[in-house]
Every structure is written in structure tokens, then in C-alpha cells.
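Source file: entry_8.pdb. Holds: PDB, C-alpha atoms.
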MODEL        1
ATOM      1  CA  MET U   1     -15.045   6.049  -6.710  1.00  0.00           C
ATOM      2  CA  LYS U   2     -16.079   3.283  -4.337  1.00  0.00           C
ATOM      3  CA  PHE U   3     -14.401   2.175  -1.119  1.00  0.00           C
ATOM      4  CA  LEU U   4     -14.113  -1.491  -0.178  1.00  0.00           C
ATOM      5  CA  PRO U   5     -13.218  -2.265   3.481  1.00  0.00           C
ATOM      6  CA  PHE U   6     -11.120  -5.263   4.422  1.00  0.00           C
ATOM      7  CA  GLY U   7      -9.912  -5.678   8.012  1.00  0.00           C
ATOM      8  CA  PHE U   8      -7.516  -2.828   8.691  1.00  0.00           C
ATOM      9  CA  ALA U   9      -7.134  -2.019   4.974  1.00  0.00           C
ATOM     10  CA  LEU U  10      -9.338   0.227   2.880  1.00  0.00           C
ATOM     11  CA  ILE U  11      -9.213   0.213  -0.912  1.00  0.00           C
ATOM     12  CA  ALA U  12     -10.584   2.802  -3.297  1.00  0.00           C
ATOM     13  CA  CYS U  13     -11.267   1.694  -6.865  1.00  0.00           C
ATOM     14  CA  ALA U  14     -11.845   4.107  -9.705  1.00  0.00           C
ATOM     15  CA  SER U  15     -13.649   3.116 -12.892  1.00  0.00           C
ATOM     16  CA  ALA U  16     -15.488   0.295 -11.091  1.00  0.00           C
ATOM     17  CA  CYS U  17     -12.293  -1.808 -10.784  1.00  0.00           C
ATOM     18  CA  ARG U  18     -12.300  -2.847 -14.431  1.00  0.00           C
ATOM     19  CA  GLN U  19      -9.545  -3.777 -16.850  1.00  0.00           C
ATOM     20  CA  SER U  20      -8.498  -1.064 -19.280  1.00  0.00           C
ATOM     21  CA  THR U  21      -8.629  -1.240 -23.068  1.00  0.00           C
ATOM     22  CA  GLU U  22      -6.216   1.714 -23.232  1.00  0.00           C
ATOM     23  CA  PRO U  23      -2.528   1.245 -24.124  1.00  0.00           C
ATOM     24  CA  PRO U  24      -0.423   0.097 -21.138  1.00  0.00           C
ATOM     25  CA  VAL U  25       0.807   2.768 -18.721  1.00  0.00           C
ATOM     26  CA  SER U  26       3.785   2.649 -16.378  1.00  0.00           C
ATOM     27  CA  LEU U  27       3.102   1.505 -12.837  1.00  0.00           C
ATOM     28  CA  GLN U  28       3.149   4.387 -10.328  1.00  0.00           C
ATOM     29  CA  VAL U  29       3.326   3.739  -6.557  1.00  0.00           C
ATOM     30  CA  THR U  30       3.525   6.105  -3.578  1.00  0.00           C
ATOM     31  CA  LEU U  31       3.622   5.346   0.149  1.00  0.00           C
ATOM     32  CA  GLU U  32       2.757   7.855   2.874  1.00  0.00           C
ATOM     33  CA  SER U  33       2.945   7.498   6.658  1.00  0.00           C
ATOM     34  CA  SER U  34       0.708   9.276   9.173  1.00  0.00           C
ATOM     35  CA  GLN U  35       3.793   9.647  11.416  1.00  0.00           C
ATOM     36  CA  LEU U  36       7.515   9.556  10.720  1.00  0.00           C
ATOM     37  CA  THR U  37       8.261   9.398  14.466  1.00  0.00           C
ATOM     38  CA  ALA U  38       6.210   7.309  16.905  1.00  0.00           C
ATOM     39  CA  LEU U  39       6.380   5.799  20.378  1.00  0.00           C
ATOM     40  CA  ALA U  40       6.592   2.034  20.872  1.00  0.00           C
ATOM     41  CA  GLY U  41       3.031   0.682  20.857  1.00  0.00           C
ATOM     42  CA  ASP U  42       1.655   3.553  18.750  1.00  0.00           C
ATOM     43  CA  THR U  43      -0.420   2.626  15.723  1.00  0.00           C
ATOM     44  CA  VAL U  44       0.785   4.234  12.488  1.00  0.00           C
ATOM     45  CA  SER U  45      -1.292   4.444   9.286  1.00  0.00           C
ATOM     46  CA  PHE U  46       0.293   3.860   5.888  1.00  0.00           C
ATOM     47  CA  THR U  47      -1.447   4.820   2.647  1.00  0.00           C
ATOM     48  CA  VAL U  48      -0.419   3.201  -0.634  1.00  0.00           C
ATOM     49  CA  ARG U  49      -1.571   4.851  -3.870  1.00  0.00           C
ATOM     50  CA  ALA U  50      -1.094   3.021  -7.149  1.00  0.00           C
ATOM     51  CA  THR U  51      -1.948   3.616 -10.788  1.00  0.00           C
ATOM     52  CA  GLY U  52      -1.479   0.926 -13.399  1.00  0.00           C
ATOM     53  CA  ASN U  53      -3.179  -1.306 -15.932  1.00  0.00           C
ATOM     54  CA  ASN U  54      -4.473  -4.307 -14.003  1.00  0.00           C
ATOM     55  CA  LEU U  55      -3.463  -3.969 -10.343  1.00  0.00           C
ATOM     56  CA  ILE U  56      -3.287  -7.380  -8.672  1.00  0.00           C
ATOM     57  CA  GLY U  57      -2.340  -6.484  -5.102  1.00  0.00           C
ATOM     58  CA  VAL U  58      -0.045  -4.851  -2.594  1.00  0.00           C
ATOM     59  CA  VAL U  59       2.231  -6.477  -0.010  1.00  0.00           C
ATOM     60  CA  MET U  60       3.385  -4.436   2.987  1.00  0.00           C
ATOM     61  CA  ASP U  61       6.595  -5.166   4.896  1.00  0.00           C
ATOM     62  CA  PHE U  62       6.696  -3.046   8.060  1.00  0.00           C
ATOM     63  CA  GLY U  63      10.411  -3.676   8.665  1.00  0.00           C
ATOM     64  CA  ASP U  64       9.872  -5.274  12.096  1.00  0.00           C
ATOM     65  CA  SER U  65       8.924  -8.775  10.849  1.00  0.00           C
ATOM     66  CA  GLY U  66       5.296  -7.632  10.482  1.00  0.00           C
ATOM     67  CA  SER U  67       3.563  -7.772   7.116  1.00  0.00           C
ATOM     68  CA  ASP U  68       0.135  -7.461   5.504  1.00  0.00           C
ATOM     69  CA  GLN U  69      -1.355  -7.721   2.022  1.00  0.00           C
ATOM     70  CA  TYR U  70      -4.407  -6.727   0.048  1.00  0.00           C
ATOM     71  CA  ALA U  71      -5.823  -7.881  -3.305  1.00  0.00           C
ATOM     72  CA  MET U  72      -6.750  -5.081  -5.733  1.00  0.00           C
ATOM     73  CA  GLY U  73      -8.845  -7.165  -8.128  1.00  0.00           C
ATOM     74  CA  GLY U  74      -7.649  -5.698 -11.440  1.00  0.00           C
ATOM     75  CA  ALA U  75      -8.185  -2.014 -10.570  1.00  0.00           C
ATOM     76  CA  LEU U  76      -6.682   0.799 -12.648  1.00  0.00           C
ATOM     77  CA  THR U  77      -6.112   2.952  -9.555  1.00  0.00           C
ATOM     78  CA  ALA U  78      -6.163   2.122  -5.873  1.00  0.00           C
ATOM     79  CA  ARG U  79      -5.673   3.688  -2.473  1.00  0.00           C
ATOM     80  CA  VAL U  80      -5.129   1.208   0.350  1.00  0.00           C
ATOM     81  CA  THR U  81      -4.606   2.171   4.004  1.00  0.00           C
ATOM     82  CA  PHE U  82      -2.867  -0.193   6.422  1.00  0.00           C
ATOM     83  CA  LYS U  83      -2.434   0.272  10.182  1.00  0.00           C
ATOM     84  CA  HIS U  84       0.478  -1.155  12.148  1.00  0.00           C
ATOM     85  CA  ALA U  85       1.662  -0.915  15.758  1.00  0.00           C
ATOM     86  CA  PHE U  86       5.436  -0.994  16.275  1.00  0.00           C
ATOM     87  CA  GLU U  87       6.177  -2.796  19.557  1.00  0.00           C
ATOM     88  CA  THR U  88       9.927  -2.155  19.745  1.00  0.00           C
ATOM     89  CA  THR U  89      12.130   0.912  19.335  1.00  0.00           C
ATOM     90  CA  GLY U  90      14.330   1.484  16.311  1.00  0.00           C
ATOM     91  CA  THR U  91      14.334   2.820  12.786  1.00  0.00           C
ATOM     92  CA  PHE U  92      12.160   0.810  10.419  1.00  0.00           C
ATOM     93  CA  THR U  93      11.959   0.899   6.631  1.00  0.00           C
ATOM     94  CA  VAL U  94       8.383   0.233   5.585  1.00  0.00           C
ATOM     95  CA  ARG U  95       8.038  -1.164   2.050  1.00  0.00           C
ATOM     96  CA  ALA U  96       4.964  -1.415  -0.180  1.00  0.00           C
ATOM     97  CA  THR U  97       5.290  -3.695  -3.222  1.00  0.00           C
ATOM     98  CA  VAL U  98       2.498  -3.373  -5.789  1.00  0.00           C
ATOM     99  CA  THR U  99       1.995  -5.975  -8.527  1.00  0.00           C
ATOM    100  CA  ASP U 100       0.392  -5.137 -11.869  1.00  0.00           C
ATOM    101  CA  ALA U 101      -0.455  -7.954 -14.318  1.00  0.00           C
ATOM    102  CA  VAL U 102       0.878  -5.894 -17.241  1.00  0.00           C
ATOM    103  CA  ALA U 103       3.649  -3.675 -15.804  1.00  0.00           C
ATOM    104  CA  GLY U 104       5.163  -6.024 -13.195  1.00  0.00           C
ATOM    105  CA  GLN U 105       6.136  -4.878  -9.698  1.00  0.00           C
ATOM    106  CA  LYS U 106       7.143  -1.561  -8.194  1.00  0.00           C
ATOM    107  CA  GLU U 107       7.979  -0.580  -4.614  1.00  0.00           C
ATOM    108  CA  ALA U 108       7.855   2.521  -2.485  1.00  0.00           C
ATOM    109  CA  THR U 109       9.428   2.968   0.952  1.00  0.00           C
ATOM    110  CA  VAL U 110       9.180   5.261   3.949  1.00  0.00           C
ATOM    111  CA  GLY U 111      11.202   5.328   7.168  1.00  0.00           C
ATOM    112  CA  VAL U 112       9.674   5.407  10.653  1.00  0.00           C
ATOM    113  CA  LEU U 113      11.614   6.134  13.854  1.00  0.00           C
ATOM    114  CA  VAL U 114      10.107   4.461  16.937  1.00  0.00           C
ATOM    115  CA  ASN U 115      11.243   5.755  20.349  1.00  0.00           C
TER     116      ASN U 115
ENDMDL
END
Structure re-expressed in C-alpha cells:
Amino acid sequence: MKFLPFGFALIACASACRQSTEPPVSLQVTLESSQLTALAGDTVSFTVRATGNNLIGVVMDFGDSGSDQYAMGGALTARVTFKHAFETTGTFTVRATVTDAVAGQKEATVGVLVN
């Protein structure tokens, strides 16, 4: 597995980020948060894990008008970590949307309470 840094995101590609000759698989996406409760101004890490056929990229919506994205370059599997600081209090639904060239899009969400 190799890790490719990009700003605040880190991607891990298995199988040298190549396209598969195997039959298509369903797109699987998970989203984990380093904290489910944080203080305003705290930086929270979010890890997206995806398995698919030809992963194109992931778009993050942090629920507070902040967003980020990362290109996956056709990987079969990926792990991307994003960091985000919430500046205001409230309950935020963080959404990761992964796009696969074969299987389409799939999302995962996690809630974060900011005090």
C-alpha cells in the first residue's frame, strides 16, 4: 500500500491504484470522525474508506458551509483523511460522497456536536 499526501488529505491506494479486470463490485463507503463532540475552533479528523472498481474521488461536506475534495485516480480501495475546524457551535452532519466510474455514487455521514 502506498500513501499519497495532498494538503490536509492523505490517500492510501492498494494495488498501485490500477483499474481492475475483475467483475464489478458494489461501492462500499465508510466515514469515521476522530471526535463526535468538539469545542468551537477544534480541528476534527475525518477518515473516508472506500472500496470499488474505479474510484474517481471523494467530496466532503462538513455541514457548516465548509467543503473539501480529493481525486482518487482510479483506485480500487482508498483511505482519505480530511481535517476541519468548526468555528461555530451546533450539530453538524458531515457527508462524504464517493464517486466510482462503474458503480456510481455512494455517501456516508457522521454527526458532530460542537459546543
Between CA of Thr37 (chain U) and CA of Val59 (chain U) lies a distance of 22.3 Å
Please, what distance in Å, to one decimal, runs between CA of Phe82 (chain U) and CA of Asn54 (chain U)?
20.9 Å
Please write as a VMD selection string the full residue list that the PyMOL selection byres ((chain U and resi 92-97) around 10) yields on this file.
chain U and resid 29 to 33 36 46 to 49 57 to 64 66 to 69 86 89 to 91 98 to 99 105 to 114
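Using all atoms listed in the file, the smallest distance between any of U:Thr88, U:Ser26, U:Asn115, U:Ser65 and Thr51 (chain U) comes from U:Ser26.
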Identify all residues satisfying the PyMOL selection byres ((chain U and resi 24) around 9) in the given file; provide them as a list in words.
Ser20, Thr21, Glu22, Pro23, Val25, Ser26, Gly52, Asn53, Val102 and Ala103 of chain U
Using C-alpha atoms, can you export the residues from the last selection as a PDB file, keeping the file's coordinate frame?
ATOM      1  CA  SER U  20      -8.498  -1.064 -19.280  1.00  0.00           C
ATOM      2  CA  THR U  21      -8.629  -1.240 -23.068  1.00  0.00           C
ATOM      3  CA  GLU U  22      -6.216   1.714 -23.232  1.00  0.00           C
ATOM      4  CA  PRO U  23      -2.528   1.245 -24.124  1.00  0.00           C
ATOM      5  CA  VAL U  25       0.807   2.768 -18.721  1.00  0.00           C
ATOM      6  CA  SER U  26       3.785   2.649 -16.378  1.00  0.00           C
ATOM      7  CA  GLY U  52      -1.479   0.926 -13.399  1.00  0.00           C
ATOM      8  CA  ASN U  53      -3.179  -1.306 -15.932  1.00  0.00           C
ATOM      9  CA  VAL U 102       0.878  -5.894 -17.241  1.00  0.00           C
ATOM     10  CA  ALA U 103       3.649  -3.675 -15.804  1.00  0.00           C
TER      11      ALA U 103
END
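Going from CA of Gly74 (chain U) over to CA of Val44 (chain U), you cover 27.2 Å.
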Residues picked by the PyMOL selection byres ((chain U and resi 73) around 9) here, as a ChimeraX atom specification?
/U:17-18,54-57,71-72,74-75
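Using only C-alpha atoms, the nearest neighbour of Val80 (chain U) within the list U:Leu39, U:Ala50, U:Gln28, U:Ser34 is U:Ala50.
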